[in-house]
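Below is the file upload-v6.tsv, which contains TSV, C-alpha atoms.
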chain	number	residue	atom	x	y	z
A	37	MET	CA	-2.81	9.64	-24.17
A	38	ASN	CA	-4.92	7.41	-26.39
A	39	GLY	CA	-4.97	3.80	-25.27
A	40	VAL	CA	-3.24	4.46	-21.95
A	41	THR	CA	-4.99	2.75	-19.06
A	42	LEU	CA	-4.33	1.64	-15.51
A	43	SER	CA	-4.19	-1.95	-16.75
A	44	LEU	CA	-1.23	-4.12	-15.79
A	45	GLU	CA	-2.22	-7.08	-17.95
A	46	GLY	CA	0.78	-9.28	-18.67
A	47	LYS	CA	2.84	-7.78	-15.86
A	48	ALA	CA	4.25	-9.60	-12.84
A	49	ALA	CA	4.50	-7.75	-9.52
A	50	LEU	CA	6.16	-8.49	-6.21
A	51	ILE	CA	4.67	-6.72	-3.18
A	52	THR	CA	6.39	-7.02	0.18
A	53	GLY	CA	4.41	-7.12	3.40
A	54	GLY	CA	1.36	-8.07	1.37
A	55	SER	CA	-0.71	-10.04	3.85
A	56	ARG	CA	-2.31	-7.04	5.55
A	57	GLY	CA	-2.58	-3.26	5.67
A	58	ILE	CA	-1.20	-1.26	2.76
A	59	GLY	CA	0.38	-4.35	1.25
A	60	ALA	CA	-2.88	-6.29	1.11
A	61	ALA	CA	-4.62	-3.28	-0.43
A	62	CYS	CA	-1.90	-3.22	-3.09
A	63	VAL	CA	-2.28	-6.93	-3.78
A	64	ARG	CA	-6.01	-6.52	-4.38
A	65	LEU	CA	-5.59	-3.43	-6.55
A	66	PHE	CA	-2.78	-4.86	-8.67
A	67	ARG	CA	-4.81	-8.02	-9.25
A	68	GLU	CA	-7.82	-5.90	-10.25
A	69	ALA	CA	-5.53	-4.17	-12.75
A	70	GLY	CA	-4.65	-7.55	-14.26
A	71	ALA	CA	-1.16	-8.19	-12.86
A	72	ARG	CA	0.04	-11.51	-11.56
A	73	VAL	CA	1.06	-10.84	-7.97
A	74	ALA	CA	3.46	-12.45	-5.55
A	75	PHE	CA	3.61	-11.18	-1.99
A	76	ASN	CA	5.42	-12.20	1.14
A	77	TYR	CA	4.32	-12.63	4.70
A	78	ARG	CA	6.31	-13.39	7.83
A	79	SER	CA	3.85	-15.01	10.25
A	80	ALA	CA	0.31	-14.09	9.14
A	81	ARG	CA	-0.27	-17.34	7.24
A	82	ALA	CA	-4.05	-17.40	7.67
A	83	GLN	CA	-4.42	-13.84	6.38
A	84	ALA	CA	-2.08	-14.55	3.46
A	85	GLU	CA	-3.94	-17.69	2.44
A	86	ALA	CA	-7.28	-15.90	2.66
A	87	LEU	CA	-5.98	-13.11	0.42
A	88	VAL	CA	-4.74	-15.63	-2.17
A	89	ALA	CA	-8.14	-17.31	-2.17
A	90	GLU	CA	-9.83	-13.94	-2.60
A	91	CYS	CA	-7.60	-12.87	-5.49
A	92	GLY	CA	-7.35	-16.24	-7.25
A	93	SER	CA	-4.53	-18.70	-6.71
A	94	GLU	CA	-3.78	-18.99	-10.44
A	95	ASN	CA	-2.50	-15.41	-10.51
A	96	CYS	CA	-1.67	-14.65	-6.89
A	97	ILE	CA	0.85	-16.40	-4.65
A	98	ALA	CA	1.92	-15.93	-1.05
A	99	ILE	CA	5.52	-16.60	-0.06
A	100	GLN	CA	6.56	-17.10	3.55
A	101	GLN	CA	9.75	-15.08	3.80
A	102	GLU	CA	11.42	-13.14	6.58
A	103	LEU	CA	12.83	-9.81	5.44
A	104	ALA	CA	15.58	-8.84	7.86
A	105	SER	CA	18.69	-8.86	5.68
A	106	ALA	CA	19.88	-8.25	2.14
A	107	ASP	CA	20.02	-12.01	1.54
A	108	ASP	CA	16.38	-12.30	2.58
A	109	GLY	CA	15.45	-9.70	-0.02
A	110	ARG	CA	17.35	-11.46	-2.78
A	111	GLU	CA	15.78	-14.79	-1.86
A	112	LEU	CA	12.26	-13.39	-2.06
A	113	VAL	CA	12.87	-11.91	-5.52
A	114	ALA	CA	14.27	-15.25	-6.70
A	115	LYS	CA	11.14	-17.06	-5.49
A	116	ALA	CA	8.86	-14.59	-7.25
A	117	ILE	CA	10.78	-14.95	-10.51
A	118	GLU	CA	10.69	-18.73	-10.18
A	119	SER	CA	6.90	-18.55	-9.94
A	120	PHE	CA	6.19	-16.10	-12.77
A	121	GLY	CA	9.29	-16.24	-14.95
A	122	ARG	CA	9.72	-12.47	-14.91
A	123	LEU	CA	9.33	-9.36	-12.77
A	124	ASP	CA	7.96	-6.02	-13.91
A	125	CYS	CA	6.96	-4.20	-10.72
A	126	LEU	CA	8.59	-4.23	-7.30
A	127	ILE	CA	6.62	-2.64	-4.46
A	128	VAL	CA	8.70	-2.39	-1.27
A	129	ASN	CA	6.08	-1.89	1.40
A	130	HIS	CA	7.17	-3.92	4.43
A	131	GLY	CA	8.68	-2.41	7.55
A	132	ILE	CA	8.58	-2.23	11.32
A	133	TRP	CA	7.85	0.71	13.62
A	134	PRO	CA	8.64	-0.08	17.27
A	135	PRO	CA	5.64	1.53	19.02
A	136	GLN	CA	7.27	2.30	22.37
A	137	ASP	CA	9.12	5.60	22.62
A	138	ALA	CA	12.89	5.04	22.69
A	139	PRO	CA	15.02	8.08	23.58
A	140	ILE	CA	18.27	8.06	21.65
A	141	ALA	CA	20.27	8.13	24.90
A	142	SER	CA	18.85	4.76	25.92
A	143	MET	CA	17.82	3.09	22.65
A	144	ALA	CA	19.07	-0.50	22.65
A	145	ASP	CA	21.57	-1.56	20.02
A	146	THR	CA	19.32	-4.53	19.28
A	147	GLN	CA	16.38	-2.28	18.39
A	148	TRP	CA	18.54	-0.08	16.16
A	149	ARG	CA	19.98	-3.05	14.30
A	150	GLN	CA	16.66	-4.83	13.94
A	151	THR	CA	14.93	-1.76	12.50
A	152	LEU	CA	17.75	-1.12	10.03
A	153	GLY	CA	17.85	-4.80	9.07
A	154	VAL	CA	14.14	-4.98	8.23
A	155	ASN	CA	13.57	-1.46	6.91
A	156	LEU	CA	16.81	-0.93	4.99
A	157	ASP	CA	19.12	-3.94	4.56
A	158	SER	CA	16.37	-6.10	3.10
A	159	VAL	CA	15.35	-3.23	0.82
A	160	PHE	CA	18.85	-3.19	-0.65
A	161	GLY	CA	18.65	-6.91	-1.43
A	162	LEU	CA	15.19	-6.61	-2.95
A	163	VAL	CA	16.08	-3.66	-5.15
A	164	GLN	CA	19.39	-5.17	-6.22
A	165	ALA	CA	17.87	-8.48	-7.31
A	166	ALA	CA	14.81	-6.93	-8.94
A	167	THR	CA	16.91	-4.45	-10.90
A	168	ALA	CA	19.14	-7.23	-12.20
A	169	GLN	CA	16.09	-9.19	-13.38
A	170	ILE	CA	14.46	-6.21	-15.08
A	171	GLN	CA	17.75	-5.39	-16.83
A	172	LYS	CA	18.02	-9.00	-17.97
A	173	GLN	CA	14.54	-8.85	-19.49
A	174	GLY	CA	15.48	-5.72	-21.45
A	175	ARG	CA	13.45	-2.74	-22.55
A	176	PRO	CA	10.50	-3.36	-24.90
A	177	ALA	CA	11.07	-2.50	-28.55
A	178	ASP	CA	8.38	0.17	-28.42
A	179	GLY	CA	10.41	2.14	-25.87
A	180	SER	CA	7.90	1.68	-23.05
A	181	ALA	CA	9.02	1.15	-19.48
A	182	ALA	CA	11.25	-1.80	-18.72
A	183	GLY	CA	9.99	-1.96	-15.15
A	184	TYR	CA	8.86	-0.09	-12.07
A	185	ILE	CA	10.14	0.13	-8.52
A	186	VAL	CA	8.05	1.88	-5.86
A	187	LEU	CA	9.49	2.27	-2.38
A	188	VAL	CA	7.26	3.13	0.58
A	189	SER	CA	8.75	5.72	2.92
A	190	SER	CA	6.99	7.91	5.49
A	191	THR	CA	6.56	11.49	6.61
A	192	ALA	CA	9.04	10.48	9.35
A	193	GLY	CA	11.68	10.12	6.66
A	194	GLN	CA	11.27	13.78	5.72
A	195	ARG	CA	10.85	15.57	9.03
A	196	GLY	CA	12.11	13.00	11.54
A	197	GLU	CA	10.23	11.52	14.47
A	198	ALA	CA	11.24	12.12	18.06
A	199	PHE	CA	11.84	8.94	20.07
A	200	HIS	CA	11.72	6.89	16.87
A	201	ALA	CA	15.07	7.83	15.33
A	202	ASP	CA	15.69	4.29	14.13
A	203	TYR	CA	12.51	4.29	12.05
A	204	ALA	CA	12.98	7.82	10.74
A	205	VAL	CA	16.57	7.10	9.69
A	206	THR	CA	15.51	4.09	7.60
A	207	LYS	CA	12.67	5.97	5.92
A	208	GLY	CA	14.94	8.91	5.14
A	209	ALA	CA	17.39	6.49	3.57
A	210	VAL	CA	14.61	5.05	1.41
A	211	ILE	CA	13.99	8.53	0.03
A	212	SER	CA	17.67	8.96	-0.79
A	213	LEU	CA	17.71	5.51	-2.37
A	214	THR	CA	14.76	6.47	-4.56
A	215	LYS	CA	16.56	9.55	-5.87
A	216	SER	CA	19.83	7.70	-6.41
A	217	LEU	CA	18.22	4.81	-8.28
A	218	SER	CA	16.15	7.12	-10.44
A	219	SER	CA	19.27	8.89	-11.69
A	220	GLU	CA	21.03	5.57	-12.18
A	221	LEU	CA	18.27	3.59	-13.89
A	222	ALA	CA	16.03	6.06	-15.75
A	223	GLY	CA	18.07	5.72	-18.93
A	224	GLU	CA	17.29	2.00	-18.97
A	225	GLY	CA	13.57	2.60	-18.69
A	226	ILE	CA	13.34	1.57	-15.05
A	227	TYR	CA	11.14	4.02	-13.19
A	228	VAL	CA	11.87	4.45	-9.47
A	229	ASN	CA	9.53	6.45	-7.28
A	230	CYS	CA	8.48	6.66	-3.66
A	231	VAL	CA	5.17	6.99	-1.84
A	232	ALA	CA	5.42	8.58	1.60
A	233	PRO	CA	2.30	7.96	3.71
A	234	GLY	CA	1.42	9.69	6.93
A	235	TRP	CA	-0.74	7.95	9.50
A	236	VAL	CA	-2.70	5.02	8.05
A	237	ALA	CA	-5.26	2.78	9.73
A	238	THR	CA	-3.21	-0.43	9.90
A	239	GLU	CA	-2.25	-2.99	12.52
A	240	MET	CA	1.18	-1.37	12.85
A	241	SER	CA	-0.28	2.01	13.79
A	242	ALA	CA	-3.14	0.64	15.88
A	243	PRO	CA	-1.38	0.97	19.28
A	244	ALA	CA	-0.88	4.69	18.75
A	245	LEU	CA	-4.26	5.35	17.13
A	246	ASN	CA	-6.11	3.44	19.85
A	247	ASP	CA	-4.50	5.44	22.65
A	248	PRO	CA	-6.80	8.40	23.47
A	249	VAL	CA	-4.00	10.83	24.29
A	250	THR	CA	-1.73	9.88	21.41
A	251	SER	CA	-4.52	9.72	18.85
A	252	LYS	CA	-5.76	13.20	19.78
A	253	LYS	CA	-2.29	14.56	19.18
A	254	ILE	CA	-1.99	12.69	15.87
A	255	PHE	CA	-5.32	13.95	14.52
A	256	SER	CA	-4.45	17.51	15.47
A	257	THR	CA	-1.51	17.44	13.04
A	258	ILE	CA	-3.50	16.26	10.00
A	259	PRO	CA	-5.30	19.04	8.10
A	260	LEU	CA	-7.82	16.60	6.62
A	261	GLY	CA	-8.73	15.56	10.16
A	262	ARG	CA	-8.41	11.80	9.76
A	263	VAL	CA	-5.94	9.04	8.97
A	264	ALA	CA	-5.71	7.34	5.58
A	265	THR	CA	-7.17	4.02	4.59
A	266	PRO	CA	-4.77	1.43	3.12
A	267	GLN	CA	-6.60	1.76	-0.20
A	268	GLU	CA	-5.75	5.46	-0.33
A	269	ILE	CA	-2.05	4.55	-0.29
A	270	ALA	CA	-2.39	1.64	-2.72
A	271	GLY	CA	-3.96	3.86	-5.39
A	272	PRO	CA	-0.96	6.17	-5.86
A	273	ILE	CA	1.35	3.13	-5.81
A	274	LEU	CA	-0.55	1.54	-8.68
A	275	PHE	CA	-0.58	4.85	-10.58
A	276	LEU	CA	3.23	5.01	-10.42
A	277	CYS	CA	3.42	1.63	-12.20
A	278	THR	CA	1.42	2.77	-15.23
A	279	PRO	CA	2.07	4.98	-18.28
A	280	PHE	CA	0.02	7.73	-16.61
A	281	ALA	CA	3.17	8.32	-14.55
A	282	GLY	CA	5.34	8.05	-17.63
A	283	PHE	CA	7.30	11.25	-16.94
A	284	MET	CA	7.77	10.71	-13.22
A	285	SER	CA	10.95	9.24	-11.78
A	286	GLY	CA	12.73	10.00	-8.54
A	287	GLU	CA	9.59	11.57	-7.07
A	288	ILE	CA	8.45	11.42	-3.44
A	289	VAL	CA	4.66	11.34	-3.54
A	290	ASN	CA	3.25	12.53	-0.23
A	291	VAL	CA	-0.02	10.89	0.80
A	292	ASN	CA	-0.61	12.24	4.29
A	293	GLY	CA	-3.65	14.49	4.38
A	294	GLY	CA	-1.43	17.57	4.28
A	295	ALA	CA	0.37	16.66	7.50
A	296	VAL	CA	3.91	16.99	6.17
A	297	LEU	CA	3.26	20.65	5.34
A	298	VAL	CA	2.39	21.63	8.90
A	299	GLY	CA	4.59	19.32	10.98
Any chance you could put this one into structure tokens?
Amino acid sequence: MNGVTLSLEGKAALITGGSRGIGAACVRLFREAGARVAFNYRSARAQAEALVAECGSENCIAIQQELASADDGRELVAKAIESFGRLDCLIVNHGIWPPQDAPIASMADTQWRQTLGVNLDSVFGLVQAATAQIQKQGRPADGSAAGYIVLVSSTAGQRGEAFHADYAVTKGAVISLTKSLSSELAGEGIYVNCVAPGWVATEMSAPALNDPVTSKKIFSTIPLGRVATPQEIAGPILFLCTPFAGFMSGEIVNVNGGAVLVG
């Protein structure tokens, strides 16, 4: 593959949930690869501004945007396009995981609807608007990729998660969406893949990982004996947006230390 690199020079990327955790790791890595990057944050303004300063404000922008509905997703894509004039890579990384156990018999309707709104409805709006923009830009004359979409799911989307049915349902739907969009868009040169992390050392997982009883149980299910770093998830995401993944579409890339095989 002469001349093929991990460079994203000339590309514009939108990364959701980019102010911290996996998203922030992606922002840094995509900037290192040469892409111009837009990312959203909901309330972590200080962290978002610090990340922009670190990555360079001329090629990195933070957008304050709630993602709880399809309209929210469309609005964020529009803002990113307004800033860069195009969109080549969409990384859908944001999501919520209510940390308290919620048995299905007593799960509140409000929790169910909120989780689906953030983790699924907004994803629909993001993907819909990004796809329309990539189609509008057209496929390069050399037949290379028109664009890339990477959705972030979870091991919970593949094997379920007791007392967290709302989260598992949304992540399972993301996997189905990946497969559907791949079949629909591959002929247009739009590559759609999914990265499915296991436990990662982020703020979202901190309540569980910091609990002695829960963390012991978590570590016992991971063959590698530890949780991932955000950077270890960002790497495969970047890979899927390069020609090195040029024959991959509709794939679910498991990055979980082997946990999904033994759960």
- Item | Residue nearest Asn95 (chain A) among A:Gly53, A:Gln83, A:Arg110, A:Gly46 (counting only C-alpha atoms) | A:Gly46
- Considering all atoms listed in the file, return as a PyMOL selection string whatever protein or nucleic-acid residues lie within 9 Å of Val296 (chain A), sequence-local ones (same chain, fewer than 4 positions apart) excluded. chain A and resi 191-192+194-195+234+257-258+290+292
- Would you mind listing what lies within 7 Å of Ser105 (chain A) as a ChimeraX atom specification, with all atoms listed in the file counted and same-chain residues fewer than 6 positions away left out? /A:153-154,157-158
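A straight line drawn from CA of Ser218 (chain A) to CA of Val113 (chain A) is 19.9 Å long.
The coordinates place CA of Ala204 (chain A) at 23.5 Å from CA of Pro248 (chain A).
For the atom pair formed by CA of Ala264 (chain A) and CA of Glu85 (chain A), the distance is 25.3 Å, given to one decimal.
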- Query: region 211-216 of chain A: which residues within 9 Å, counting only C-alpha atoms, same-chain residues fewer than 4 positions away excluded, as an MDAnalysis selection string?
  - Reply: chainID A and resid 160 185:190 193:194 206:207 220:221 228:230 232 285:288
- Query: Which one is closest to Gln136 (chain A): A:Ala61, A:Val291, A:Glu268, A:Ala201? Count all atoms listed in the file.
  - Reply: A:Ala201
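Of the residues under consideration (A:Pro139, A:Gly294, A:Pro233, A:Gly261), A:Pro139 shows the shortest atom-to-atom contact distance to Ala198 (chain A) when counting all atoms listed in the file.
Here the question is which of A:Gly223, A:Gln267, A:Phe75, A:Ser256 gets nearest to Val236 (chain A) using all atoms listed in the file, and that residue is A:Gln267.
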- Task: Can you pull out every residue within 9 Å of region 126-133 of chain A, counting only C-alpha atoms, but drop anything in the same chain fewer than 4 positions away, and send it as a ChimeraX atom specification?
- Result: /A:48-54,58-59,62,103,113,150-151,154-156,159,162-163,166,183-189,200,202-203,240-241,273
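Summary of the local environment: counting all atoms listed in the file, residues at most 10 Å from region 90-94 of chain A, other than itself and those fewer than 5 positions away along its chain, are Val63, Arg64, Leu65, Phe66, Arg67, Glu68, Arg72, Val73, Ala84 and Glu85 of chain A.
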For the selection just defined, write its residues with C-alpha atoms to a file, as a JSON list (two decimals), in the coordinates of the input.
[["chain", "number", "residue", "atom", "x", "y", "z"],
["A", 63, "VAL", "CA", -2.28, -6.93, -3.78],
["A", 64, "ARG", "CA", -6.01, -6.52, -4.38],
["A", 65, "LEU", "CA", -5.59, -3.43, -6.55],
["A", 66, "PHE", "CA", -2.78, -4.86, -8.67],
["A", 67, "ARG", "CA", -4.81, -8.02, -9.25],
["A", 68, "GLU", "CA", -7.82, -5.90, -10.25],
["A", 72, "ARG", "CA", 0.04, -11.51, -11.56],
["A", 73, "VAL", "CA", 1.06, -10.84, -7.97],
["A", 84, "ALA", "CA", -2.08, -14.55, 3.46],
["A", 85, "GLU", "CA", -3.94, -17.69, 2.44]]
